[in-house]
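Have a look at the structure below, then the notes.
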Amino acid sequence: MSWVRNERKELSLKNISNKKIQIRCQIVGEGFQIDLPGVESRGSCILTFSACECRPLPIIFSPKSSKPHVATLHLVYDKSSEFSRKIKLHGSSGGSLIRWSALLTYGDTALAQASARTPTALSLYNKGHSAAFVCAAVQFNLQYRFLSGEAQLLGSKCVVRARSKHSLTLRLPWSKLERRARPGSALANVSVLAGPEIIRRRILRILRSESTNGEPDLSLLPEHLHIITHTFEGEDPSADNYLENFSETKASLNELIESLQELSAKIDLPQELPDDNTIVLTDDTVVEHYTLCE
């Protein structure tokens, strides 16, 4: 079982025999506890099952630190060793850590206006107590797609420290843009994928464990998520040491992926653009410009 945040989950247990049984349940390890009345101080309890009865076993992940935790749930017949099961529990606290900062927002979408002839900065803030990753991409509106080859989005793959700011900076070829720009029009959308860095490392660990050559098995990820397997500025490979006892499988991938954040920013051109004494002559196929000499 896997956790990506502090929460309560239920494990369904069923007695497939036709007689009454009692099962002793105990968690060995930190960060997890059984959420039932009558749990003993050492973290164990006894569940009674009637014939063919199904019962939930609620487990809470509530760690005292932000580091990843591993524990083992032991299930045995009470006063007998005829039956024994071990279930590995994996968890790390996280949640939605990344927020837009100092920008007008609508939900997870920021609204920004470019400043003529200067880079456009989009500020993010990691409000969490652990590092978070950020990867971003820019998509220009159709009439400005000619900028794609020269535009640069700086800071697009980075690990952001806890309680720290990060800036995405869009640099544009303004001389080319101004020849064809319509003041106030929609310029581009910036999409951001973010989440706890330890979650990204957990995903990478699963992809490598499912591979035969030690490289991440990208077939287990949607294509647009392949970018999270790249090298990120500021990443710390030693973070994998916290996961050395993790044994998650691809069955946990969906939950890990669904815990990631998706944010976006809409960038418009300024309402007024500088006049540099340029006349733009245009038809459906040709753009020519002539600079007036003073």
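How things are named: the first chain in the structure tokens is A, the next is B, and so on; residues count from 1 in each chain; ligands count from 1 in the order shown.
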
Spatial neighbours of Thr120 of chain A, 6 Å, only C-alpha atoms, chain gap at least 6 places, as a list in words: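 What passes the distance filter is Ala114, Thr169 and Leu170 of chain A.
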
Surrounding residues of Arg8 of chain A excluding itself and chain neighbours under 5 positions, 8 Å, only C-alpha atoms, as a list in words: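 The residues satisfying every condition are Pro58, Ile59, Ile60 and Phe61 of chain A.
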
Please build the interface table for segment 45-123 of chain A against segment 146-157 of chain A with a cut-off of 12 Å, listing for each qualifying residue the nearest atom pair and the distance in Å to one decimal; count only C-alpha atoms, order rows by chain and increasing number, and write it as a Markdown table.
```
| residue | atom | partner | partner_atom | distance |
| --- | --- | --- | --- | --- |
| A:Pro119 | CA | A:Gln152 | CA | 9.6 |
| A:Thr120 | CA | A:Leu153 | CA | 9.4 |
| A:Ala121 | CA | A:Leu154 | CA | 9.4 |
| A:Leu122 | CA | A:Gly155 | CA | 10.2 |
| A:Ser123 | CA | A:Gly155 | CA | 10.6 |
```

Pull N, CA, C and O atoms from the residues just selected and write them as an mmCIF file, in the first residue's frame.
```cif
data_model
loop_
_atom_site.group_PDB
_atom_site.id
_atom_site.type_symbol
_atom_site.label_atom_id
_atom_site.label_comp_id
_atom_site.auth_asym_id
_atom_site.auth_seq_id
_atom_site.Cartn_x
_atom_site.Cartn_y
_atom_site.Cartn_z
ATOM 1 N N PRO A 119 12.095 40.557 -20.641
ATOM 2 C CA PRO A 119 11.658 39.184 -20.347
ATOM 3 C C PRO A 119 10.423 39.190 -19.441
ATOM 4 O O PRO A 119 10.240 40.086 -18.620
ATOM 5 N N THR A 120 9.587 38.182 -19.595
ATOM 6 C CA THR A 120 8.387 38.030 -18.771
ATOM 7 C C THR A 120 8.669 37.014 -17.673
ATOM 8 O O THR A 120 9.019 35.863 -17.964
ATOM 9 N N ALA A 121 8.534 37.425 -16.416
ATOM 10 C CA ALA A 121 8.814 36.544 -15.280
ATOM 11 C C ALA A 121 7.513 36.068 -14.640
ATOM 12 O O ALA A 121 6.606 36.860 -14.389
ATOM 13 N N LEU A 122 7.431 34.766 -14.403
ATOM 14 C CA LEU A 122 6.295 34.154 -13.710
ATOM 15 C C LEU A 122 6.825 33.532 -12.427
ATOM 16 O O LEU A 122 7.661 32.627 -12.477
ATOM 17 N N SER A 123 6.367 34.002 -11.286
ATOM 18 C CA SER A 123 6.920 33.561 -9.999
ATOM 19 C C SER A 123 6.087 32.448 -9.383
ATOM 20 O O SER A 123 4.851 32.505 -9.372
#
```

Closest of A:Leu218, A:Gly43, A:Ser81, A:Lys9 to Pro56 of chain A - atom-to-atom distances counting only C-alpha atoms: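 Among the listed residues, A:Lys9 lies closest to Pro56 of chain A.
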
Proximity to Cys52 of chain A - best of A:Asn15, A:Ser84, A:Thr72, A:Ser96, only C-alpha atoms: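 Checking each of A:Asn15, A:Ser84, A:Thr72, A:Ser96 against Cys52 of chain A, counting only C-alpha atoms, the winner is A:Asn15.
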
Surrounding residues of Arg205 of chain A excluding itself and chain neighbours under 5 positions, 12 Å, only C-alpha atoms, as an MDAnalysis selection string: chainID A and resid 198:200 210:211 214:217 229 237 239:250 252:253 256

With N, CA, C and O atoms retained, could you export that selection as a short mmCIF file (atom, residue, chain, number, x, y, z; two decimals), in the first residue's frame?
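Below is the file selection.cif, written as the result:
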```cif
data_model
loop_
_atom_site.label_atom_id
_atom_site.label_comp_id
_atom_site.auth_asym_id
_atom_site.auth_seq_id
_atom_site.Cartn_x
_atom_site.Cartn_y
_atom_site.Cartn_z
N ILE A 198 10.29 14.07 -3.76
CA ILE A 198 10.39 12.68 -3.31
C ILE A 198 9.39 11.80 -4.06
O ILE A 198 9.64 10.60 -4.28
N ILE A 199 8.25 12.37 -4.48
CA ILE A 199 7.29 11.60 -5.28
C ILE A 199 7.89 11.30 -6.65
O ILE A 199 7.75 10.19 -7.19
N ARG A 200 8.55 12.30 -7.25
CA ARG A 200 9.22 12.05 -8.54
C ARG A 200 10.27 10.95 -8.40
O ARG A 200 10.39 10.08 -9.27
N GLU A 210 11.00 -1.86 -12.85
CA GLU A 210 10.21 -2.60 -13.84
C GLU A 210 10.97 -2.78 -15.15
O GLU A 210 10.47 -3.42 -16.07
N SER A 211 12.17 -2.21 -15.23
CA SER A 211 12.96 -2.27 -16.46
C SER A 211 13.96 -3.41 -16.39
O SER A 211 14.37 -3.85 -15.31
N GLY A 214 17.92 -1.33 -16.30
CA GLY A 214 18.27 -0.32 -15.29
C GLY A 214 17.84 1.08 -15.62
O GLY A 214 17.91 1.97 -14.78
N GLU A 215 17.39 1.30 -16.87
CA GLU A 215 16.88 2.60 -17.28
C GLU A 215 15.38 2.66 -17.03
O GLU A 215 14.70 1.63 -17.02
N PRO A 216 14.82 3.86 -16.80
CA PRO A 216 13.37 3.97 -16.56
C PRO A 216 12.57 3.39 -17.72
O PRO A 216 12.87 3.65 -18.89
N ASP A 217 11.56 2.61 -17.41
CA ASP A 217 10.67 2.04 -18.42
C ASP A 217 9.60 3.08 -18.76
O ASP A 217 8.58 3.18 -18.08
N THR A 229 11.46 12.21 -16.09
CA THR A 229 12.61 11.31 -15.96
C THR A 229 13.91 11.98 -16.36
O THR A 229 14.98 11.37 -16.23
N PRO A 237 20.65 13.48 -6.10
CA PRO A 237 20.50 12.02 -6.23
C PRO A 237 20.56 11.28 -4.90
O PRO A 237 20.03 10.17 -4.78
N ALA A 239 18.90 11.79 -2.45
CA ALA A 239 17.54 11.66 -1.91
C ALA A 239 17.04 10.22 -2.05
O ALA A 239 16.16 9.77 -1.30
N ASP A 240 17.61 9.48 -3.02
CA ASP A 240 17.21 8.08 -3.21
C ASP A 240 17.58 7.23 -2.01
O ASP A 240 17.01 6.13 -1.84
N ASN A 241 18.50 7.70 -1.18
CA ASN A 241 18.88 6.93 0.01
C ASN A 241 17.70 6.76 0.96
O ASN A 241 17.62 5.78 1.71
N TYR A 242 16.78 7.76 0.96
CA TYR A 242 15.61 7.66 1.83
C TYR A 242 14.64 6.57 1.36
O TYR A 242 13.75 6.16 2.09
N LEU A 243 14.82 6.12 0.11
CA LEU A 243 13.89 5.15 -0.48
C LEU A 243 14.48 3.75 -0.58
O LEU A 243 13.90 2.88 -1.23
N GLU A 244 15.63 3.53 0.06
CA GLU A 244 16.31 2.25 -0.12
C GLU A 244 15.48 1.06 0.37
O GLU A 244 15.67 -0.07 -0.11
N ASN A 245 14.54 1.29 1.30
CA ASN A 245 13.70 0.20 1.79
C ASN A 245 12.34 0.15 1.11
O ASN A 245 11.49 -0.66 1.48
N PHE A 246 12.12 1.04 0.15
CA PHE A 246 10.85 1.04 -0.58
C PHE A 246 10.85 -0.10 -1.60
O PHE A 246 11.83 -0.33 -2.29
N SER A 247 9.72 -0.78 -1.71
CA SER A 247 9.59 -1.87 -2.68
C SER A 247 8.27 -1.74 -3.44
O SER A 247 7.57 -2.71 -3.67
N GLU A 248 7.94 -0.50 -3.81
CA GLU A 248 6.69 -0.26 -4.54
C GLU A 248 6.77 -0.86 -5.94
O GLU A 248 7.84 -0.97 -6.53
N THR A 249 5.61 -1.19 -6.49
CA THR A 249 5.52 -1.75 -7.84
C THR A 249 4.69 -0.81 -8.71
O THR A 249 4.18 0.21 -8.25
N LYS A 250 4.53 -1.19 -9.98
CA LYS A 250 3.77 -0.34 -10.90
C LYS A 250 2.31 -0.20 -10.48
O LYS A 250 1.61 0.68 -10.98
N SER A 252 1.39 1.00 -7.83
CA SER A 252 1.32 2.27 -7.10
C SER A 252 1.46 3.48 -8.00
O SER A 252 1.29 4.61 -7.55
N LEU A 253 1.78 3.26 -9.29
CA LEU A 253 2.09 4.38 -10.18
C LEU A 253 0.93 5.36 -10.32
O LEU A 253 1.12 6.58 -10.27
N LEU A 256 0.64 7.73 -7.41
CA LEU A 256 1.75 8.68 -7.39
C LEU A 256 1.57 9.75 -8.46
O LEU A 256 1.76 10.95 -8.20
#
```

DSSP strand (DSSP E or B) residues within segment 18-145 of chain A, as a PyMOL selection string: chain A and resi 21-28+32-34+44-49+54-61+69-77+84-91+98-101+104-106+109-113+120-126+132-140

For Ser12 of chain A: contacts at 8 Å, only C-alpha atoms, fewer than 6 positions along chain excluded, given as a PyMOL selection string: chain A and resi 54-57

Given the selection you just returned, output its residues as a file containing C-alpha atoms, formatted as a PDB file, in the first residue's frame.
```
ATOM      1  CA  CYS A  54     -15.447  -9.092   5.102  1.00  0.00           C
ATOM      2  CA  ARG A  55     -14.150  -6.243   7.288  1.00  0.00           C
ATOM      3  CA  PRO A  56     -12.134  -3.074   6.625  1.00  0.00           C
ATOM      4  CA  LEU A  57      -8.896  -2.374   8.474  1.00  0.00           C
TER       5      LEU A  57
END
```

Within 12 Å of Ser101 of chain A using only C-alpha atoms, minus same-chain residues under 3 positions, as a PyMOL selection string: chain A and resi 98+104-105+108-112+121-127+164-168+265

Can you spit out the residues from that selection as a short mmCIF file (atom, residue, chain, number, x, y, z; two decimals), in the first residue's frame, using all heavy atoms?
```
data_model
loop_
_atom_site.label_atom_id
_atom_site.label_comp_id
_atom_site.auth_asym_id
_atom_site.auth_seq_id
_atom_site.Cartn_x
_atom_site.Cartn_y
_atom_site.Cartn_z
N ILE A 98 3.21 23.72 -4.66
CA ILE A 98 3.59 24.85 -5.52
C ILE A 98 2.40 25.77 -5.77
O ILE A 98 1.29 25.32 -6.07
CB ILE A 98 4.15 24.34 -6.86
CG1 ILE A 98 5.44 23.54 -6.62
CG2 ILE A 98 4.42 25.50 -7.80
CD1 ILE A 98 6.59 24.36 -6.09
N LEU A 104 -2.00 37.62 -10.62
CA LEU A 104 -3.44 37.46 -10.59
C LEU A 104 -3.77 36.04 -11.00
O LEU A 104 -3.29 35.56 -12.04
CB LEU A 104 -4.09 38.46 -11.55
CG LEU A 104 -5.62 38.42 -11.66
CD1 LEU A 104 -6.25 38.81 -10.34
CD2 LEU A 104 -6.10 39.34 -12.78
N THR A 105 -4.57 35.34 -10.20
CA THR A 105 -4.84 33.94 -10.48
C THR A 105 -6.34 33.66 -10.54
O THR A 105 -7.15 34.37 -9.91
CB THR A 105 -4.21 33.01 -9.42
OG1 THR A 105 -4.71 33.36 -8.12
CG2 THR A 105 -2.70 33.13 -9.44
N ASP A 108 -5.99 27.48 -10.54
CA ASP A 108 -4.57 27.15 -10.74
C ASP A 108 -3.97 27.86 -11.95
O ASP A 108 -2.85 27.57 -12.36
CB ASP A 108 -4.40 25.63 -10.91
CG ASP A 108 -4.65 24.87 -9.62
OD1 ASP A 108 -4.35 25.43 -8.55
OD2 ASP A 108 -5.15 23.73 -9.70
N THR A 109 -4.74 28.80 -12.53
CA THR A 109 -4.28 29.52 -13.72
C THR A 109 -3.89 30.95 -13.36
O THR A 109 -4.65 31.66 -12.69
CB THR A 109 -5.37 29.56 -14.80
OG1 THR A 109 -5.69 28.22 -15.17
CG2 THR A 109 -4.91 30.32 -16.03
N ALA A 110 -2.69 31.36 -13.78
CA ALA A 110 -2.23 32.73 -13.56
C ALA A 110 -2.45 33.54 -14.84
O ALA A 110 -2.35 33.01 -15.95
CB ALA A 110 -0.75 32.74 -13.19
N LEU A 111 -2.77 34.81 -14.65
CA LEU A 111 -2.96 35.73 -15.77
C LEU A 111 -1.85 36.76 -15.74
O LEU A 111 -1.65 37.44 -14.74
CB LEU A 111 -4.33 36.41 -15.67
CG LEU A 111 -5.54 35.47 -15.51
CD1 LEU A 111 -6.81 36.28 -15.33
CD2 LEU A 111 -5.65 34.54 -16.71
N ALA A 112 -1.10 36.86 -16.84
CA ALA A 112 0.05 37.76 -16.87
C ALA A 112 0.07 38.54 -18.18
O ALA A 112 -0.48 38.10 -19.19
CB ALA A 112 1.35 36.96 -16.72
N ALA A 121 8.53 37.42 -16.42
CA ALA A 121 8.81 36.54 -15.28
C ALA A 121 7.51 36.07 -14.64
O ALA A 121 6.61 36.86 -14.39
CB ALA A 121 9.67 37.27 -14.25
N LEU A 122 7.43 34.77 -14.40
CA LEU A 122 6.30 34.15 -13.71
C LEU A 122 6.83 33.53 -12.43
O LEU A 122 7.66 32.63 -12.48
CB LEU A 122 5.65 33.08 -14.59
CG LEU A 122 5.17 33.53 -15.98
CD1 LEU A 122 4.74 32.31 -16.80
CD2 LEU A 122 4.04 34.53 -15.87
N SER A 123 6.37 34.00 -11.29
CA SER A 123 6.92 33.56 -10.00
C SER A 123 6.09 32.45 -9.38
O SER A 123 4.85 32.51 -9.37
CB SER A 123 6.99 34.74 -9.02
OG SER A 123 7.91 35.71 -9.47
N LEU A 124 6.79 31.45 -8.88
CA LEU A 124 6.18 30.33 -8.17
C LEU A 124 6.75 30.28 -6.75
O LEU A 124 7.86 30.74 -6.50
CB LEU A 124 6.47 29.01 -8.88
CG LEU A 124 5.83 28.80 -10.25
CD1 LEU A 124 6.56 27.71 -11.01
CD2 LEU A 124 4.36 28.45 -10.11
N TYR A 125 5.97 29.69 -5.83
CA TYR A 125 6.44 29.56 -4.45
C TYR A 125 6.17 28.15 -3.95
O TYR A 125 5.06 27.62 -4.10
CB TYR A 125 5.73 30.57 -3.56
CG TYR A 125 6.15 30.50 -2.11
CD1 TYR A 125 7.45 30.85 -1.72
CD2 TYR A 125 5.28 30.08 -1.11
CE1 TYR A 125 7.85 30.78 -0.40
CE2 TYR A 125 5.66 30.02 0.22
CZ TYR A 125 6.95 30.36 0.56
OH TYR A 125 7.35 30.29 1.88
N ASN A 126 7.19 27.52 -3.38
CA ASN A 126 7.05 26.21 -2.74
C ASN A 126 6.72 26.43 -1.27
O ASN A 126 7.60 26.79 -0.49
CB ASN A 126 8.34 25.40 -2.90
CG ASN A 126 8.26 24.06 -2.18
OD1 ASN A 126 7.20 23.64 -1.72
ND2 ASN A 126 9.40 23.39 -2.08
N LYS A 127 5.47 26.23 -0.91
CA LYS A 127 5.04 26.50 0.47
C LYS A 127 5.26 25.30 1.40
O LYS A 127 4.99 25.37 2.59
CB LYS A 127 3.56 26.88 0.49
CG LYS A 127 2.60 25.77 0.15
CD LYS A 127 1.17 26.28 0.12
CE LYS A 127 0.18 25.14 -0.13
NZ LYS A 127 0.08 24.21 1.00
N SER A 164 10.71 28.24 -0.66
CA SER A 164 11.52 29.08 -1.55
C SER A 164 10.72 29.49 -2.78
O SER A 164 9.76 28.83 -3.17
CB SER A 164 12.79 28.33 -2.00
OG SER A 164 13.62 28.05 -0.91
N LYS A 165 11.16 30.59 -3.40
CA LYS A 165 10.55 31.07 -4.63
C LYS A 165 11.33 30.56 -5.84
O LYS A 165 12.52 30.24 -5.75
CB LYS A 165 10.50 32.59 -4.65
CG LYS A 165 9.47 33.20 -3.71
CD LYS A 165 9.38 34.71 -3.90
CE LYS A 165 8.29 35.31 -3.01
NZ LYS A 165 8.16 36.78 -3.21
N HIS A 166 10.64 30.51 -6.96
CA HIS A 166 11.27 30.12 -8.22
C HIS A 166 10.65 30.95 -9.33
O HIS A 166 9.46 31.26 -9.29
CB HIS A 166 11.06 28.63 -8.50
CG HIS A 166 11.64 28.17 -9.80
ND1 HIS A 166 12.99 28.14 -10.04
CD2 HIS A 166 11.05 27.74 -10.95
CE1 HIS A 166 13.21 27.70 -11.26
NE2 HIS A 166 12.05 27.46 -11.83
N SER A 167 11.45 31.31 -10.31
CA SER A 167 10.96 32.14 -11.40
C SER A 167 11.10 31.44 -12.75
O SER A 167 12.16 30.90 -13.07
CB SER A 167 11.72 33.47 -11.44
OG SER A 167 11.23 34.30 -12.48
N LEU A 168 10.01 31.43 -13.50
CA LEU A 168 10.05 31.01 -14.90
C LEU A 168 10.17 32.28 -15.74
O LEU A 168 9.34 33.19 -15.61
CB LEU A 168 8.76 30.27 -15.28
CG LEU A 168 8.46 28.98 -14.52
CD1 LEU A 168 7.07 28.47 -14.87
CD2 LEU A 168 9.50 27.92 -14.81
N ALA A 265 -0.41 29.27 -16.99
CA ALA A 265 -0.37 30.73 -17.04
C ALA A 265 -0.70 31.19 -18.44
O ALA A 265 -0.21 30.63 -19.42
CB ALA A 265 1.01 31.25 -16.62
#
```
